[in-house]
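Reproduced below: entry04.cif, with mmCIF, C-alpha atoms.
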data_work
#
loop_
_atom_site.label_atom_id
_atom_site.label_comp_id
_atom_site.auth_asym_id
_atom_site.auth_seq_id
_atom_site.Cartn_x
_atom_site.Cartn_y
_atom_site.Cartn_z
CA MET A 1 13.22 24.03 -0.51
CA ASN A 2 12.22 23.02 3.01
CA LEU A 3 13.86 22.15 6.29
CA MET A 4 14.05 18.38 6.65
CA HIS A 5 15.67 15.83 8.94
CA LYS A 6 18.35 13.50 7.59
CA VAL A 7 18.47 9.97 8.97
CA VAL A 8 21.75 8.26 8.11
CA VAL A 9 22.22 4.49 7.89
CA VAL A 10 25.77 3.69 8.96
CA GLY A 11 27.88 0.63 9.71
CA ARG A 12 30.75 -1.51 8.52
CA THR A 13 30.64 -3.32 5.17
CA ASN A 14 28.29 -6.20 4.39
CA VAL A 15 26.00 -5.97 7.43
CA GLY A 16 22.85 -5.26 5.41
CA LYS A 17 22.66 -1.46 5.37
CA SER A 18 21.46 -1.32 1.76
CA SER A 19 18.96 -4.13 2.31
CA LEU A 20 17.45 -2.20 5.22
CA PHE A 21 17.46 1.00 3.17
CA ASN A 22 15.60 -0.82 0.38
CA ARG A 23 13.09 -2.16 2.90
CA ILE A 24 12.27 1.38 4.08
CA ALA A 25 12.79 3.62 1.02
CA PRO A 26 9.65 3.88 -1.17
CA ARG A 27 11.24 4.76 -4.54
CA VAL A 28 15.03 4.51 -4.67
CA LYS A 29 16.75 1.14 -4.36
CA SER A 30 20.42 0.51 -3.56
CA LEU A 31 22.34 -2.29 -5.24
CA THR A 32 22.64 -5.32 -2.99
CA LEU A 33 25.07 -8.18 -3.51
CA ASP A 34 26.73 -10.62 -1.12
CA GLN A 35 30.14 -8.98 -1.28
CA GLU A 36 31.82 -6.15 0.59
CA GLY A 37 31.94 -2.54 -0.54
CA VAL A 38 29.13 -2.54 -3.12
CA THR A 39 27.75 0.86 -2.00
CA ARG A 40 30.21 3.76 -2.28
CA ASP A 41 28.27 6.99 -2.77
CA LEU A 42 25.37 8.30 -0.67
CA ILE A 43 21.99 6.94 -1.82
CA THR A 44 18.97 8.96 -0.66
CA ASP A 45 15.18 8.83 -0.68
CA PHE A 46 12.34 10.64 1.08
CA VAL A 47 10.44 8.53 3.60
CA THR A 48 7.11 9.42 5.23
CA TRP A 49 6.13 7.57 8.41
CA ASN A 50 3.27 8.50 10.75
CA GLY A 51 2.90 11.80 8.89
CA VAL A 52 6.58 12.74 9.31
CA THR A 53 8.80 13.03 6.23
CA PHE A 54 12.58 12.71 6.44
CA GLU A 55 15.48 12.06 4.08
CA LEU A 56 16.93 8.58 4.48
CA VAL A 57 20.61 8.22 3.52
CA ASP A 58 22.29 4.91 2.72
CA THR A 59 26.08 5.00 3.04
CA GLY A 60 29.05 2.89 2.05
CA GLY A 61 30.71 0.61 4.55
CA ILE A 62 32.80 2.66 6.95
CA ASP A 63 36.32 1.50 7.83
CA LEU A 64 37.90 3.35 10.76
CA TYR A 65 40.34 0.60 11.61
CA HIS A 66 42.21 -0.69 8.60
CA LYS A 67 41.72 1.95 5.86
CA THR A 68 43.20 -0.56 3.47
CA ASP A 69 43.05 1.45 0.25
CA GLU A 70 42.37 4.87 -1.20
CA MET A 71 38.76 4.08 -2.19
CA THR A 72 37.94 2.85 1.33
CA THR A 73 39.35 6.09 2.73
CA ILE A 74 37.27 8.17 0.28
CA VAL A 75 34.09 6.25 1.11
CA THR A 76 34.72 6.58 4.86
CA HIS A 77 35.24 10.34 4.48
CA LYS A 78 31.97 10.53 2.51
CA VAL A 79 30.14 8.76 5.34
CA GLN A 80 31.57 11.12 7.92
CA GLN A 81 30.33 14.08 5.87
CA ALA A 82 26.84 12.59 5.96
CA LEU A 83 27.07 12.12 9.74
CA ASP A 84 27.93 15.79 10.17
CA HIS A 85 24.53 16.77 8.71
CA ALA A 86 22.35 14.06 10.24
CA SER A 87 19.59 14.39 12.83
CA LEU A 88 19.66 10.72 13.78
CA PHE A 89 21.85 7.66 13.15
CA LEU A 90 20.78 4.12 12.38
CA MET A 91 23.81 1.94 13.07
CA VAL A 92 23.44 -1.47 11.45
CA VAL A 93 25.27 -4.50 12.86
CA ASP A 94 25.18 -8.22 12.05
CA ALA A 95 23.54 -10.53 14.60
CA GLN A 96 25.21 -13.59 13.08
CA THR A 97 28.74 -12.17 13.35
CA GLY A 98 28.39 -10.50 16.75
CA VAL A 99 30.18 -7.39 17.94
CA THR A 100 33.43 -6.75 16.06
CA GLU A 101 36.30 -4.40 16.75
CA GLN A 102 35.15 -2.36 13.74
CA ASP A 103 31.65 -2.05 15.28
CA MET A 104 33.18 -0.80 18.52
CA LYS A 105 35.24 1.83 16.70
CA ILE A 106 32.22 3.08 14.73
CA ALA A 107 30.17 3.22 17.92
CA ARG A 108 32.85 5.33 19.61
CA LEU A 109 32.72 7.73 16.65
CA LEU A 110 28.93 8.04 16.91
CA HIS A 111 29.19 8.72 20.65
CA THR A 112 31.14 11.90 19.82
CA TYR A 113 27.97 13.32 18.21
CA LYS A 114 24.94 14.62 20.08
CA GLN A 115 22.45 12.96 17.75
CA PRO A 116 20.41 9.98 18.98
CA THR A 117 21.52 6.58 17.69
CA LEU A 118 19.44 3.45 17.22
CA ILE A 119 21.32 0.16 16.93
CA LEU A 120 19.73 -2.13 14.34
CA VAL A 121 20.84 -5.70 14.86
CA ASN A 122 20.14 -7.13 11.42
CA LYS A 123 19.46 -10.78 10.51
CA VAL A 124 17.31 -11.43 13.59
CA ASP A 125 14.79 -13.27 11.47
CA SER A 126 12.73 -14.93 14.24
CA LYS A 127 11.97 -14.78 17.97
CA HIS A 128 14.36 -17.68 18.51
CA GLN A 129 17.24 -15.34 17.62
CA ASP A 130 16.24 -12.46 19.94
CA GLU A 131 18.92 -13.40 22.46
CA LEU A 132 21.53 -12.41 19.88
CA VAL A 133 20.60 -8.75 20.46
CA HIS A 134 21.87 -8.54 24.06
CA ASP A 135 25.54 -8.73 23.10
CA PHE A 136 25.27 -5.37 21.32
CA TYR A 137 24.51 -3.34 24.48
CA GLN A 138 28.28 -3.17 24.95
CA LEU A 139 28.28 -0.60 22.12
CA GLY A 140 26.96 1.86 24.71
CA PHE A 141 23.55 2.74 23.26
CA GLU A 142 20.24 2.10 25.01
CA GLU A 143 17.93 1.67 22.04
CA ILE A 144 18.57 -1.59 20.25
CA PHE A 145 16.24 -3.30 17.79
CA GLY A 146 16.54 -6.82 16.51
CA VAL A 147 15.43 -6.44 12.90
CA SER A 148 15.31 -8.40 9.66
CA ALA A 149 15.88 -6.57 6.40
CA LEU A 150 14.90 -9.78 4.63
CA HIS A 151 11.51 -10.18 6.32
CA GLY A 152 10.83 -6.67 7.63
CA ARG A 153 10.67 -7.85 11.22
CA SER A 154 10.50 -4.98 13.78
CA VAL A 155 11.19 -2.36 11.11
CA ALA A 156 7.85 -0.61 11.81
CA ASP A 157 8.63 -0.43 15.54
CA MET A 158 12.02 1.06 14.74
CA LEU A 159 10.47 3.70 12.46
CA ASP A 160 7.97 4.63 15.16
CA ARG A 161 10.89 5.40 17.44
CA VAL A 162 12.72 7.32 14.70
CA VAL A 163 9.85 9.79 14.21
CA ASP A 164 9.42 10.12 17.99
CA HIS A 165 13.03 11.27 18.22
CA LEU A 166 12.76 13.60 15.21
CA ALA A 167 9.88 15.45 16.86
CA ASP A 168 12.29 16.62 19.57
CA ILE A 169 15.15 17.64 17.26
CA LYS A 170 15.48 21.07 15.66
CA VAL A 171 15.85 20.90 11.88
CA THR A 172 18.62 22.95 10.30
CA GLU A 173 19.23 21.22 6.94
CA LYS A 174 17.47 22.60 3.84
CA VAL A 175 16.46 20.03 1.23
CA ILE A 176 14.73 20.41 -2.12
CA ASP A 177 11.84 17.98 -1.69
CA GLU A 178 9.44 19.29 -4.34
CA THR A 179 8.45 16.84 -7.05
CA PRO A 180 10.82 17.41 -9.99
CA GLU A 181 9.32 18.78 -13.20
CA PHE A 182 11.60 16.51 -15.20
CA ARG A 183 14.51 14.08 -14.83
CA VAL A 184 17.93 14.33 -16.49
CA ALA A 185 20.25 11.29 -16.58
CA LEU A 186 23.99 11.40 -17.28
CA LEU A 187 24.93 8.41 -19.40
CA GLY A 188 28.14 7.23 -21.01
CA ARG A 189 31.07 4.85 -20.90
CA PRO A 190 33.29 4.49 -17.79
CA ASN A 191 35.61 7.45 -17.12
CA ALA A 192 33.85 9.76 -19.59
CA GLY A 193 33.46 12.38 -16.83
CA LYS A 194 29.83 11.91 -15.75
CA SER A 195 30.51 12.24 -12.03
CA SER A 196 32.74 15.28 -12.56
CA LEU A 197 29.95 16.88 -14.58
CA MET A 198 27.43 16.01 -11.87
CA ASN A 199 29.56 17.76 -9.26
CA GLN A 200 30.04 20.78 -11.53
CA LEU A 201 26.30 21.15 -12.14
CA LEU A 202 25.50 20.77 -8.44
CA LYS A 203 28.44 22.98 -7.43
CA GLN A 204 29.30 20.53 -4.67
CA ASP A 205 31.27 17.34 -4.02
CA PHE A 206 28.35 14.96 -4.53
CA SER A 207 29.56 12.01 -6.60
CA ILE A 208 32.85 10.29 -5.86
CA VAL A 209 35.34 11.07 -8.64
CA SER A 210 38.26 8.72 -9.31
CA PRO A 211 40.36 7.73 -12.32
CA VAL A 212 39.43 4.13 -11.52
CA ALA A 213 36.83 2.89 -14.00
CA GLY A 214 33.57 1.83 -12.37
CA THR A 215 33.83 4.15 -9.36
CA THR A 216 30.16 5.11 -9.62
CA ARG A 217 28.05 2.00 -9.17
CA GLU A 218 24.51 3.20 -8.63
CA ALA A 219 22.17 5.84 -10.01
CA LEU A 220 22.74 8.88 -7.77
CA ARG A 221 19.87 11.35 -7.66
CA LYS A 222 19.90 14.99 -6.60
CA ARG A 223 17.24 17.65 -7.06
CA ILE A 224 18.22 21.19 -7.99
CA ALA A 225 16.33 24.39 -8.64
CA PHE A 226 16.94 25.96 -12.04
CA ASN A 227 14.98 28.60 -13.93
CA LYS A 228 12.01 28.34 -11.54
CA SER A 229 11.88 24.58 -12.07
CA VAL A 230 12.98 21.63 -9.94
CA ILE A 231 15.11 19.19 -11.92
CA GLU A 232 16.29 15.77 -10.78
CA LEU A 233 19.83 15.04 -11.94
CA ILE A 234 20.88 11.38 -12.08
CA ASP A 235 24.51 10.26 -12.24
CA THR A 236 24.88 6.68 -13.50
CA ALA A 237 27.48 3.96 -13.71
CA GLY A 238 29.57 3.71 -16.86
CA VAL A 239 28.09 1.48 -19.55
CA ARG A 240 30.39 -0.74 -21.58
CA LYS A 241 29.34 -2.95 -24.46
CA LYS A 242 27.74 -6.18 -23.35
CA SER A 243 30.68 -8.39 -24.34
CA SER A 244 33.01 -6.35 -22.09
CA VAL A 245 30.87 -6.49 -18.95
CA GLU A 246 32.60 -8.54 -16.25
CA GLY A 247 30.91 -10.16 -13.27
CA GLU A 248 27.52 -9.92 -11.61
CA LEU A 249 28.18 -6.53 -10.01
CA GLU A 250 29.03 -4.75 -13.28
CA GLY A 251 26.02 -6.38 -14.91
CA MET A 252 23.82 -4.95 -12.14
CA MET A 253 25.49 -1.55 -12.52
CA VAL A 254 24.83 -1.43 -16.28
CA THR A 255 21.20 -2.53 -15.82
CA ASN A 256 20.75 0.12 -13.12
CA ALA A 257 22.20 2.83 -15.40
CA LEU A 258 20.04 1.88 -18.39
CA GLN A 259 16.90 1.77 -16.24
CA ALA A 260 17.66 5.26 -14.92
CA ALA A 261 18.15 6.52 -18.47
CA LYS A 262 14.92 4.86 -19.59
CA ARG A 263 12.96 6.73 -16.91
CA ALA A 264 14.65 10.08 -17.64
CA HIS A 265 13.07 12.74 -19.81
CA ILE A 266 16.46 13.95 -21.04
CA VAL A 267 19.72 12.01 -21.37
CA LEU A 268 23.06 13.81 -21.32
CA LEU A 269 25.36 11.47 -23.22
CA VAL A 270 28.86 12.30 -21.97
CA MET A 271 31.68 11.36 -24.34
CA ASP A 272 35.45 11.50 -23.88
CA VAL A 273 36.99 13.34 -26.84
CA GLN A 274 40.27 11.53 -26.21
CA GLU A 275 38.69 8.38 -27.59
CA PRO A 276 40.11 7.93 -31.10
CA GLU A 277 36.70 7.58 -32.70
CA VAL A 278 33.01 7.48 -31.97
CA THR A 279 32.14 3.84 -31.48
CA ALA A 280 29.01 1.79 -31.96
CA GLN A 281 28.56 1.91 -28.16
CA GLU A 282 27.71 5.62 -28.22
CA LEU A 283 25.32 5.13 -31.15
CA LYS A 284 23.63 2.29 -29.29
CA LEU A 285 23.20 4.42 -26.18
CA THR A 286 21.81 7.28 -28.28
CA SER A 287 19.38 4.97 -30.08
CA TYR A 288 18.40 3.31 -26.78
CA ALA A 289 17.50 6.66 -25.24
CA LEU A 290 15.60 8.00 -28.26
CA GLU A 291 13.67 4.78 -28.81
CA ASN A 292 12.58 4.83 -25.19
CA GLY A 293 11.29 8.37 -25.58
CA SER A 294 14.11 10.36 -23.95
CA ALA A 295 15.53 13.50 -25.50
CA VAL A 296 19.31 13.35 -26.01
CA ILE A 297 22.07 15.94 -25.71
CA VAL A 298 25.65 14.90 -26.51
CA LEU A 299 28.41 16.50 -24.44
CA PHE A 300 31.98 16.14 -25.72
CA ASN A 301 34.03 16.28 -22.52
CA LYS A 302 37.78 16.78 -21.84
CA GLN A 303 38.22 19.49 -24.49
CA ASP A 304 41.22 20.72 -22.48
CA LEU A 305 43.14 17.57 -23.49
CA LEU A 306 42.66 17.96 -27.23
CA THR A 307 45.64 18.80 -29.40
CA ASP A 308 45.29 20.14 -32.93
CA ASP A 309 45.91 16.67 -34.35
CA SER A 310 43.52 14.87 -32.01
CA ALA A 311 40.87 17.55 -32.56
CA GLN A 312 41.09 17.00 -36.31
CA GLN A 313 40.86 13.23 -35.83
CA HIS A 314 37.87 13.70 -33.54
CA ASP A 315 36.06 15.88 -36.09
CA MET A 316 36.73 13.34 -38.82
CA SER A 317 35.31 10.51 -36.73
CA LEU A 318 32.15 12.53 -36.08
CA SER A 319 31.59 13.26 -39.76
CA GLU A 320 30.71 9.59 -40.28
CA TYR A 321 27.75 10.00 -37.94
CA GLU A 322 26.56 13.40 -39.15
CA HIS A 323 23.17 11.90 -40.12
CA VAL A 324 22.56 11.18 -36.41
CA LEU A 325 24.29 14.15 -34.79
CA LYS A 326 22.49 16.74 -36.95
CA LYS A 327 19.29 15.80 -35.12
CA ILE A 328 20.87 16.22 -31.68
CA GLU A 329 22.16 19.16 -29.68
CA THR A 330 25.89 18.86 -28.98
CA LEU A 331 28.18 20.89 -26.75
CA ASN A 332 31.95 20.89 -26.22
CA ILE A 333 32.77 21.00 -22.51
CA SER A 334 35.60 20.52 -20.06
CA CYS A 335 34.78 19.53 -16.50
CA LYS A 336 38.38 20.25 -15.54
CA THR A 337 38.49 23.87 -16.76
CA GLY A 338 34.76 24.55 -16.55
CA LYS A 339 34.50 25.30 -20.27
CA ASN A 340 30.83 25.67 -21.28
CA ILE A 341 29.56 24.03 -18.08
CA GLY A 342 27.39 27.09 -17.54
CA LYS A 343 25.68 26.40 -20.88
CA VAL A 344 24.58 22.85 -20.02
CA LEU A 345 21.50 23.56 -17.90
CA PRO A 346 20.20 26.37 -20.18
CA LEU A 347 20.49 23.91 -23.09
CA VAL A 348 18.67 21.28 -21.04
CA GLN A 349 15.86 23.76 -20.39
CA GLU A 350 15.69 24.63 -24.09
CA VAL A 351 15.37 20.96 -25.05
CA TRP A 352 12.77 20.40 -22.32
CA ASP A 353 10.66 23.21 -23.77
CA ARG A 354 10.79 21.51 -27.18
CA TYR A 355 10.13 18.11 -25.64
CA GLN A 356 6.75 19.14 -24.21
CA GLN A 357 5.40 21.00 -27.23
CA LYS A 358 1.77 20.50 -28.29
CA PHE A 359 0.44 20.82 -31.84
CA ALA A 360 -3.05 21.11 -33.30
CA ASP A 361 -4.26 18.05 -35.23
CA ARG A 362 -5.17 20.22 -38.22
CA TYR A 363 -1.65 21.66 -38.40
CA LEU A 364 0.02 18.21 -38.33
CA THR A 365 -2.43 16.73 -40.82
CA ASP A 366 -2.11 19.60 -43.30
CA LEU A 367 1.69 19.55 -43.03
CA LEU A 368 2.09 15.81 -43.66
CA VAL A 369 -0.68 15.48 -46.27
CA ALA A 370 0.87 18.35 -48.25
CA ALA A 371 4.24 16.59 -48.09
CA ILE A 372 3.00 13.27 -49.53
CA SER A 373 0.89 15.09 -52.10
CA LYS A 374 4.11 16.64 -53.40
CA THR A 375 6.14 13.45 -52.93
CA PRO A 376 3.85 10.39 -53.01
CA LEU A 377 4.92 7.32 -51.06
CA PHE A 378 4.54 3.77 -52.37
CA LYS A 379 5.16 0.18 -51.40
CA ASN A 380 4.96 -2.57 -54.02
CA GLY A 381 2.99 -0.25 -56.26
CA ASN A 382 0.48 0.64 -53.53
CA GLN A 383 0.30 4.34 -52.64
CA ILE A 384 0.28 5.54 -49.03
CA TYR A 385 -2.79 7.62 -48.19
CA LEU A 386 -2.84 9.65 -44.97
CA HIS A 387 -6.25 10.56 -43.54
CA LYS A 388 -5.19 12.26 -40.32
CA ALA A 389 -2.23 13.04 -38.08
CA LYS A 390 -2.95 13.50 -34.40
CA GLN A 391 -0.73 14.22 -31.42
CA VAL A 392 -1.64 11.64 -28.77
CA GLY A 393 1.08 12.48 -26.26
CA HIS A 394 3.76 14.96 -25.29
CA ALA A 395 6.94 14.67 -23.24
CA PRO A 396 7.69 12.59 -25.29
CA LEU A 397 6.01 13.59 -28.55
CA ARG A 398 3.67 10.85 -29.81
CA ILE A 399 1.88 11.12 -33.14
CA GLU A 400 -0.82 8.81 -34.42
CA LEU A 401 -1.21 8.47 -38.18
CA THR A 402 -4.51 7.26 -39.59
CA LEU A 403 -3.76 5.57 -42.91
CA LYS A 404 -5.73 3.84 -45.64
CA ASN A 405 -3.65 0.70 -45.04
CA ALA A 406 -1.25 0.86 -42.12
CA VAL A 407 0.10 -2.62 -42.90
CA ILE A 408 2.12 -1.37 -45.86
CA PHE A 409 3.69 1.49 -43.86
CA GLU A 410 7.42 0.86 -43.33
CA ASP A 411 10.52 2.47 -41.79
CA SER A 412 11.38 4.53 -44.87
CA HIS A 413 7.92 6.13 -44.78
CA ARG A 414 8.31 6.87 -41.07
CA ALA A 415 11.67 8.50 -41.76
CA PHE A 416 10.08 10.63 -44.50
CA PHE A 417 7.40 11.96 -42.15
CA GLU A 418 9.98 12.54 -39.40
CA ASN A 419 12.14 14.59 -41.77
CA VAL A 420 9.11 16.69 -42.75
CA LEU A 421 8.38 17.46 -39.10
CA ARG A 422 11.98 18.27 -38.25
CA LYS A 423 12.29 20.54 -41.29
CA ASN A 424 9.22 22.56 -40.27
CA ILE A 425 9.41 22.39 -36.46
CA ASP A 426 12.37 22.83 -34.11
CA LEU A 427 12.60 19.30 -32.68
CA LYS A 428 16.36 19.06 -32.27
CA SER A 429 17.24 16.40 -29.68
CA VAL A 430 13.57 15.43 -29.32
CA PRO A 431 12.38 11.89 -30.19
CA ILE A 432 9.21 11.32 -32.23
CA LEU A 433 7.23 8.20 -31.37
CA TRP A 434 4.72 6.95 -33.93
CA THR A 435 1.56 4.88 -33.76
CA PHE A 436 -0.63 3.83 -36.68
CA LYS A 437 -4.17 2.78 -37.37
CA THR A 438 -6.08 1.87 -40.53
CA LYS A 439 -9.16 3.59 -41.91
CA GLY A 440 -10.84 2.88 -45.26
CA LYS A 441 -10.70 5.63 -47.89
#
Output the structure of this file as structure tokens.
Amino acid sequence: MNLMHKVVVVGRTNVGKSSLFNRIAPRVKSLTLDQEGVTRDLITDFVTWNGVTFELVDTGGIDLYHKTDEMTTIVTHKVQQALDHASLFLMVVDAQTGVTEQDMKIARLLHTYKQPTLILVNKVDSKHQDELVHDFYQLGFEEIFGVSALHGRSVADMLDRVVDHLADIKVTEKVIDETPEFRVALLGRPNAGKSSLMNQLLKQDFSIVSPVAGTTREALRKRIAFNKSVIELIDTAGVRKKSSVEGELEGMMVTNALQAAKRAHIVLLVMDVQEPEVTAQELKLTSYALENGSAVIVLFNKQDLLTDDSAQQHDMSLSEYEHVLKKIETLNISCKTGKNIGKVLPLVQEVWDRYQQKFADRYLTDLLVAAISKTPLFKNGNQIYLHKAKQVGHAPLRIELTLKNAVIFEDSHRAFFENVLRKNIDLKSVPILWTFKTKGK
């Protein structure tokens, strides 16, 4: 954990804040779409420029004038919280629209802070549009840059000025900036409680929580220190089955969530126990994670809402999928009451330790050869002969089997070998990825 400056991108909706953030941020990308209010939570990344590293924060569109609905009010409050901890503000405005009453109100708010503010007049895509910048001096700030998020015009000059300012500002905010040892993604259907769990694990109001489905739209990342390790937690948008996805924005949200899960080492699949039965959607998400090499832990949330009858119905629905769940760690939790929340991260650590195990080639070979000597495997009358088993990767576990004829090896044989490994080694929640090659007897 180190002291680090926070640079906050702020402005009204649909002026290009996220596009500018994406132009500058090296790793994290905000969703961008030509409609208002796409970004709601705070999206962050670490930026290094001229040898200076700072945390860049993208924010939702701020509305200090109309406050038309509850979500707008929540997002605006979230932005103001970010401003309270910032070293410098980047206020983004739209050159094509000109100065609006909303811009003026946001500028007046920023003037109440002591932090320096740079005005970024976005959509100044060429020198012929430079005259559009002058109108924005009425906002009351001296440093104004005509920039283009689309083409990157003048962004380097703006960043030069940012780090010049930061050199003169005392840092007070502590940020965990160490490279995470592993990544943990929260995945599940809308309203399963992922954001509530994220806030519980972080012990802070990080993700926006609302009963409205689809509140979380982007993968929200936060690093925490646990058990002498740095872990990156990732909250994701709710994933519905493909046929239920509506509109371009939700499609982008689902893609963003699945990509985050694909890059995670461990997936926490959060399920709402109020649902009458486990559906194919959860099984698909579990299979998706395991097939991509992520370990999976299933968390049954909202235990506080279960009645005796609904608990019995829930248990009955799970029995149908016992063949899958017996391979996976599960935990009953309640984000509302805090039930078993304290057990989540220790369980994550336990699964991570299994996930990165290493085994000697001789041990794996002897174990699997002994198994098929006792129970020979065949296909169309041809016997499977195993020459060698070798671990070729860990985190996730990858095993290469050298066979007499790999062409005749099929899914049932793979399942047999997987069962042998799981019976002899504690690999609960851990995926096993197989590769094959042929060698003559």
Practice item. Report the residues retrieved by the PyMOL selection byres ((chain A and resi 140) around 10) from the displayed file, expressed as a list in words. Key: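 Given this file, the PyMOL selection byres ((chain A and resi 140) around 10) evaluates to Met104, Ala107, Arg108, His111, Ile119, Phe136, Tyr137, Gln138, Leu139, Phe141, Glu142 and Glu143 of chain A.
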Which neighbours of region 347-358 of chain A fall inside 7 Å, counting only C-alpha atoms, when residues of the same chain fewer than 5 positions from it are skipped, and could you give them as an MDAnalysis selection string? chainID A and resid 394:397 427 429:430
Matched chain/residue IDs from the PyMOL selection byres ((chain A and resi 400-416) around 6), as a ChimeraX atom specification
/A:385-390,399,417-419,434-441
re CA of Ser229 (chain A) and CA of Phe21 (chain A): distance 28.6 Å
CA of Ile328 (chain A) sits from CA of Arg183 (chain A) at a separation of 18.1 Å
Any chance you could resolve the PyMOL selection byres ((chain A and resi 23-28) around 7) against this file and give the residues as a ChimeraX atom specification? /A:19-22,29-30,45,47,149,152
**Message:** Between CA of Val10 (chain A) and CA of Met198 (chain A), what is the distance in Å, rounded to a tenth?
**Reply:**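 Pair CA of Val10 (chain A) / CA of Met198 (chain A) returns 24.3 Å.
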inquiry  = Using all atoms listed in the file, which protein or nucleic acid residues come within 8 Å of region 165-174 of chain A? Drop anything in the same chain fewer than 3 positions from it, and give the result as a ChimeraX atom specification.
reply    = /A:1-6,85,87-88,116,161-162
For Ile43 (chain A), which of A:Gln115, A:Thr59, A:Thr73, A:Thr100 is the closest residue, counting only C-alpha atoms?
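Between A:Gln115, A:Thr59, A:Thr73, A:Thr100, the residue approaching Ile43 (chain A) most closely is A:Thr59.
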Fill in: Nearest-residue call for Met271 (chain A), choices A:Gln303, A:Asp94, A:Gln200, A:Ala192, using all atoms listed in the file
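For Met271 (chain A), the nearest of the given residues is A:Ala192.
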